[in-house]
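So the structure is just underneath, and the comments pick up after that.
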Amino acid sequence: MSAQIRATTLARPAGFLGDMHTVATRALRSIPRDPEGVIPGLVIGVFFYAVNVGAMQDFAKNVPGGLDYKAFQLPAAILFAITGTSRAITLVTDIQTGYFDRLSLTPVNRLSLLLGLMVADIALVIALTLPVIALGLLTGVRFESGPVGLLAFVAMSGMWGLAYAGIPYAIALKTGNPAAVNMSFLIFLPFMFLTTVFLPKEVLTGWMATIATYNPVTYLLSALRSLVSEGWNAAELGEGLLAIVAVWAASLTLALAALLGRVRRK
């Protein structure tokens with residue numbers, strides 16, 4: 001009889017998809033309780049767009065061929081708003097409170113503990129993208145690729161947010177330190193400023209032009225800008241997607257290694 005009771009009380013695995021759905025749902029529900037993890041990114045994106053357009057719009061007219069600086073800066077503002085935004089801080093809280101350790105003792109799929117959070121990140125990144133796009137539309141930006149191009153713009157932005165999210169998750173799993181996670185955005189700043197964030201690649205010179213050539217963010221910005229200003233440019237979109245895949249592969253590898261290391265310590 002006791003063996004039967006134990007058999008009926010043992011937890012049974014819900015499966016990878018079920019576990020990932022549970023983790024993602026919990027992460028999404030935590031977002032309204034954590035506005036400090038969402039609002040700063042939106043403020044930074046809007047501030048960056050407003051200041052740069054206001055300061056350099058007239059100067060951009062001197063660029064050979066002319067330059068619609070509002071359309072040029074919209075993708076950069078989006079990247080500032082969404083890069084580094086993740087539920088990694090929730091993961092740190094779970095680690096500090098011991099909740100992550102208790103989950104590790106259950107039959108939950110270990111990979112779902114990470115990927116479930118990343119699913120929630122996609123929704124969060126898209127939610128941050130839309131207000132910045134709305135600001136651009138209100139200031140006169142128009143998508144030459146049409147409504148479908150706008151959707152592609154949002155989708156590509158979401159893919160980038162997911163690709164970079166592996167870095168804060170790797171830091172969270174490795175350190176369990178909220179301050180370290182909050183500093184993860186600083187890793188992105190050199191990549192952002194050493195690229196075509198202010199001017200087209202054609203007018204960059206010297207070492208700046210060389211670094212921008214090998215910077216994956218350059219090709220991401222070009223792809224997003226092509227959807228706004230050119231229409232459907234298959235070459236630039238392909239290069240942008242390759243840049244996202246390259247960053248995603250590197251960041252996810254780091255995150256998975258950190259996850260494996262933390263689980264092994266339990």
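Ordering of the structure tokens sets the chain letters (A, B, ...); residue numbers start at 1 within each chain; ligands are numbered from 1 in the order shown.
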
Exercise for the section: Would you mind listing what lies within 10 Å of A:Ala127 as a VMD selection string, with only C-alpha atoms counted and same-chain residues fewer than 3 positions away left out? Expected result: chain A and resid 38 42 82 121 to 124 130 to 132 154 158

Exercise for the section: Find the residues around A:Glu230 up to 8 Å (only C-alpha atoms counted), leave out those fewer than 3 positions away in its own chain, and share them as JSON, numbers by chain. Expected result: {"A": [144, 145, 225, 226, 227, 233]}

Exercise for the section: Please identify all polymer residues within 6 Å of stretch 234-251 of chain A, counting only C-alpha atoms, omitting same-chain residues fewer than 4 positions from it, and present them as a PyMOL selection string. Expected result: chain A and resi 160+163+166-167+216+219-220+223

Deliver the residues from the most recent selection as a file, using N, CA and C atoms, as a compact mmCIF listing (two decimals), in the first residue's frame.
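Output (out_22.txt):
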# COMPACT_ATOMS: atom_id res chain seq x y z
N TRP A 160 16.40 39.90 -32.96
CA TRP A 160 17.63 40.46 -32.40
C TRP A 160 17.57 40.48 -30.87
N ALA A 163 18.28 37.13 -29.72
CA ALA A 163 19.66 36.75 -29.98
C ALA A 163 20.60 37.30 -28.91
N GLY A 166 20.78 36.01 -24.69
CA GLY A 166 21.62 34.96 -24.13
C GLY A 166 22.73 35.51 -23.25
N ILE A 167 23.19 36.73 -23.52
CA ILE A 167 24.29 37.31 -22.74
C ILE A 167 23.85 37.62 -21.31
N PRO A 216 28.71 43.11 -36.56
CA PRO A 216 27.43 42.56 -36.99
C PRO A 216 26.27 43.53 -36.85
N TYR A 219 25.25 45.40 -40.08
CA TYR A 219 24.40 44.71 -41.05
C TYR A 219 22.96 44.58 -40.54
N LEU A 220 22.79 44.50 -39.25
CA LEU A 220 21.44 44.51 -38.68
C LEU A 220 20.78 45.86 -38.93
N ALA A 223 19.80 46.24 -42.59
CA ALA A 223 18.61 45.48 -42.94
C ALA A 223 17.35 46.18 -42.47

Exercise for the section: Have a look at atom CA of A:Gln96 and atom CA of A:Ile171 and let me know their distance in Å, one decimal. Expected result: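 Going from atom CA of A:Gln96 over to atom CA of A:Ile171, I get 13.9 Å.
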
Handout entry: Å distance separating atom CA of A:Leu79 from atom CA of A:Ile31, one decimal place
Key = 19.9 Å

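If only C-alpha atoms are the atoms counted, then among A:Pro32, A:Gly45, A:Gly54, A:Gly231 the closest residue to A:Gly149 is A:Gly231.
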
Exercise for the section: Give the alpha helix (DSSP H) residues of stretch 82-140 of chain A, as assigned by DSSP on the backbone, as a PyMOL selection string. Expected result: chain A and resi 82+88-97+99-104+110-138

Restrict the selected residues to N, CA and C atoms and save them as a short mmCIF file (atom, residue, chain, number, x, y, z; two decimals), in the first residue's frame.
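Output (again-v5.cif):
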data_model
loop_
_atom_site.label_atom_id
_atom_site.label_comp_id
_atom_site.auth_asym_id
_atom_site.auth_seq_id
_atom_site.Cartn_x
_atom_site.Cartn_y
_atom_site.Cartn_z
N ILE A 82 15.53 47.80 -27.02
CA ILE A 82 15.26 46.38 -26.79
C ILE A 82 16.49 45.57 -26.41
N ALA A 88 16.09 38.05 -17.38
CA ALA A 88 17.25 37.54 -16.66
C ALA A 88 17.23 37.95 -15.19
N ILE A 89 16.69 39.12 -14.91
CA ILE A 89 16.63 39.57 -13.52
C ILE A 89 15.68 38.69 -12.71
N THR A 90 14.64 38.16 -13.37
CA THR A 90 13.75 37.20 -12.70
C THR A 90 14.50 35.92 -12.38
N LEU A 91 15.35 35.50 -13.28
CA LEU A 91 16.16 34.31 -13.05
C LEU A 91 17.10 34.51 -11.87
N VAL A 92 17.68 35.70 -11.77
CA VAL A 92 18.56 35.99 -10.64
C VAL A 92 17.79 35.92 -9.32
N THR A 93 16.58 36.47 -9.32
CA THR A 93 15.75 36.41 -8.11
C THR A 93 15.46 34.97 -7.72
N ASP A 94 15.16 34.13 -8.72
CA ASP A 94 14.90 32.72 -8.44
C ASP A 94 16.14 32.03 -7.87
N ILE A 95 17.30 32.41 -8.37
CA ILE A 95 18.54 31.82 -7.86
C ILE A 95 18.79 32.25 -6.42
N GLN A 96 18.59 33.53 -6.14
CA GLN A 96 18.86 34.05 -4.80
C GLN A 96 17.88 33.53 -3.76
N THR A 97 16.64 33.32 -4.16
CA THR A 97 15.63 32.85 -3.21
C THR A 97 15.62 31.33 -3.05
N TYR A 99 14.52 29.30 -5.34
CA TYR A 99 13.46 28.71 -6.17
C TYR A 99 14.05 27.92 -7.33
N PHE A 100 15.14 28.43 -7.91
CA PHE A 100 15.78 27.73 -9.02
C PHE A 100 16.31 26.37 -8.54
N ASP A 101 16.87 26.33 -7.33
CA ASP A 101 17.37 25.06 -6.81
C ASP A 101 16.24 24.06 -6.61
N ARG A 102 15.10 24.55 -6.13
CA ARG A 102 13.96 23.64 -5.92
C ARG A 102 13.44 23.12 -7.26
N LEU A 103 13.44 23.99 -8.28
CA LEU A 103 13.03 23.53 -9.61
C LEU A 103 13.98 22.46 -10.13
N SER A 104 15.25 22.61 -9.81
CA SER A 104 16.24 21.66 -10.30
C SER A 104 16.05 20.27 -9.70
N ARG A 110 15.44 20.85 -17.96
CA ARG A 110 16.38 21.93 -17.62
C ARG A 110 16.46 23.00 -18.72
N LEU A 111 16.42 22.56 -19.97
CA LEU A 111 16.51 23.51 -21.07
C LEU A 111 15.31 24.45 -21.09
N SER A 112 14.15 23.96 -20.68
CA SER A 112 12.95 24.80 -20.68
C SER A 112 13.05 25.94 -19.67
N LEU A 113 13.89 25.78 -18.63
CA LEU A 113 14.08 26.85 -17.66
C LEU A 113 14.67 28.09 -18.31
N LEU A 114 15.45 27.88 -19.36
CA LEU A 114 16.05 29.00 -20.09
C LEU A 114 15.19 29.43 -21.27
N LEU A 115 14.78 28.47 -22.09
CA LEU A 115 14.04 28.81 -23.31
C LEU A 115 12.66 29.36 -22.99
N GLY A 116 12.05 28.93 -21.90
CA GLY A 116 10.76 29.49 -21.52
C GLY A 116 10.86 30.98 -21.23
N LEU A 117 11.92 31.38 -20.56
CA LEU A 117 12.14 32.80 -20.31
C LEU A 117 12.37 33.57 -21.61
N MET A 118 13.07 32.93 -22.54
CA MET A 118 13.33 33.60 -23.81
C MET A 118 12.06 33.77 -24.64
N VAL A 119 11.12 32.83 -24.52
CA VAL A 119 9.83 33.00 -25.19
C VAL A 119 9.13 34.24 -24.66
N ALA A 120 9.17 34.43 -23.35
CA ALA A 120 8.59 35.64 -22.77
C ALA A 120 9.31 36.89 -23.25
N ASP A 121 10.62 36.77 -23.48
CA ASP A 121 11.39 37.92 -23.95
C ASP A 121 10.92 38.41 -25.31
N ILE A 122 10.51 37.48 -26.17
CA ILE A 122 10.04 37.88 -27.50
C ILE A 122 8.84 38.81 -27.38
N ALA A 123 7.89 38.43 -26.52
CA ALA A 123 6.71 39.28 -26.31
C ALA A 123 7.11 40.63 -25.73
N LEU A 124 8.05 40.62 -24.80
CA LEU A 124 8.49 41.86 -24.17
C LEU A 124 9.18 42.78 -25.16
N VAL A 125 10.04 42.21 -25.99
CA VAL A 125 10.78 43.01 -26.98
C VAL A 125 9.81 43.63 -27.99
N ILE A 126 8.85 42.86 -28.45
CA ILE A 126 7.87 43.39 -29.40
C ILE A 126 7.05 44.50 -28.76
N ALA A 127 6.71 44.33 -27.50
CA ALA A 127 5.95 45.36 -26.79
C ALA A 127 6.74 46.66 -26.68
N LEU A 128 8.06 46.58 -26.56
CA LEU A 128 8.89 47.78 -26.50
C LEU A 128 9.12 48.38 -27.88
N THR A 129 9.09 47.54 -28.90
CA THR A 129 9.32 48.02 -30.26
C THR A 129 8.18 48.89 -30.76
N LEU A 130 6.97 48.51 -30.45
CA LEU A 130 5.80 49.19 -31.01
C LEU A 130 5.70 50.68 -30.64
N PRO A 131 5.93 51.09 -29.38
CA PRO A 131 5.84 52.52 -29.08
C PRO A 131 6.88 53.36 -29.82
N VAL A 132 8.09 52.81 -29.99
CA VAL A 132 9.13 53.56 -30.70
C VAL A 132 8.77 53.69 -32.18
N ILE A 133 8.22 52.63 -32.76
CA ILE A 133 7.76 52.71 -34.14
C ILE A 133 6.64 53.73 -34.27
N ALA A 134 5.73 53.74 -33.31
CA ALA A 134 4.63 54.70 -33.33
C ALA A 134 5.17 56.12 -33.30
N LEU A 135 6.21 56.36 -32.50
CA LEU A 135 6.82 57.69 -32.45
C LEU A 135 7.39 58.06 -33.81
N GLY A 136 8.05 57.10 -34.46
CA GLY A 136 8.59 57.37 -35.78
C GLY A 136 7.50 57.71 -36.79
N LEU A 137 6.40 56.96 -36.76
CA LEU A 137 5.29 57.23 -37.67
C LEU A 137 4.68 58.61 -37.42
N LEU A 138 4.60 58.98 -36.15
CA LEU A 138 4.04 60.28 -35.80
C LEU A 138 4.92 61.43 -36.27
#

Practice task
For atom CA of A:Ala55 and atom CA of A:Ala81, determine how far apart the two atoms are, in Å to one decimal place.
Solution key: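 Result for atom CA of A:Ala55 versus atom CA of A:Ala81: 19.4 Å, one decimal.
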
Exercise for the section: Using only C-alpha atoms, find the one residue out of A:Ala165, A:Met20, A:Leu28, A:Ser222 that sits nearest to A:Ala255. Expected result: A:Ala165

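The closest residue to A:Leu256, picked from A:Ser184, A:Gly206, A:Ala172, A:Asn177 and counting only C-alpha atoms, is A:Ala172.
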
Problem - Residues near A:Phe193, cut-off 12 Å, only C-alpha atoms, skip fewer than 2 positions along chain, as a ChimeraX atom specification - result: /A:76,79-80,186-191,195-199,208-209,211-212,215,217-218,221

Practice task
Have a look at A:Val181, A:Leu260, A:Leu252, A:Ile78 and name the one nearest to A:Met156; count only C-alpha atoms.
Solution key: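 For A:Met156, the nearest of the given residues is A:Ile78.
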
Practice task
Between A:Arg142, A:Thr85, A:Thr210, A:Gly37, single out the one closest to A:Phe185, counting only C-alpha atoms.
Solution key: A:Thr85
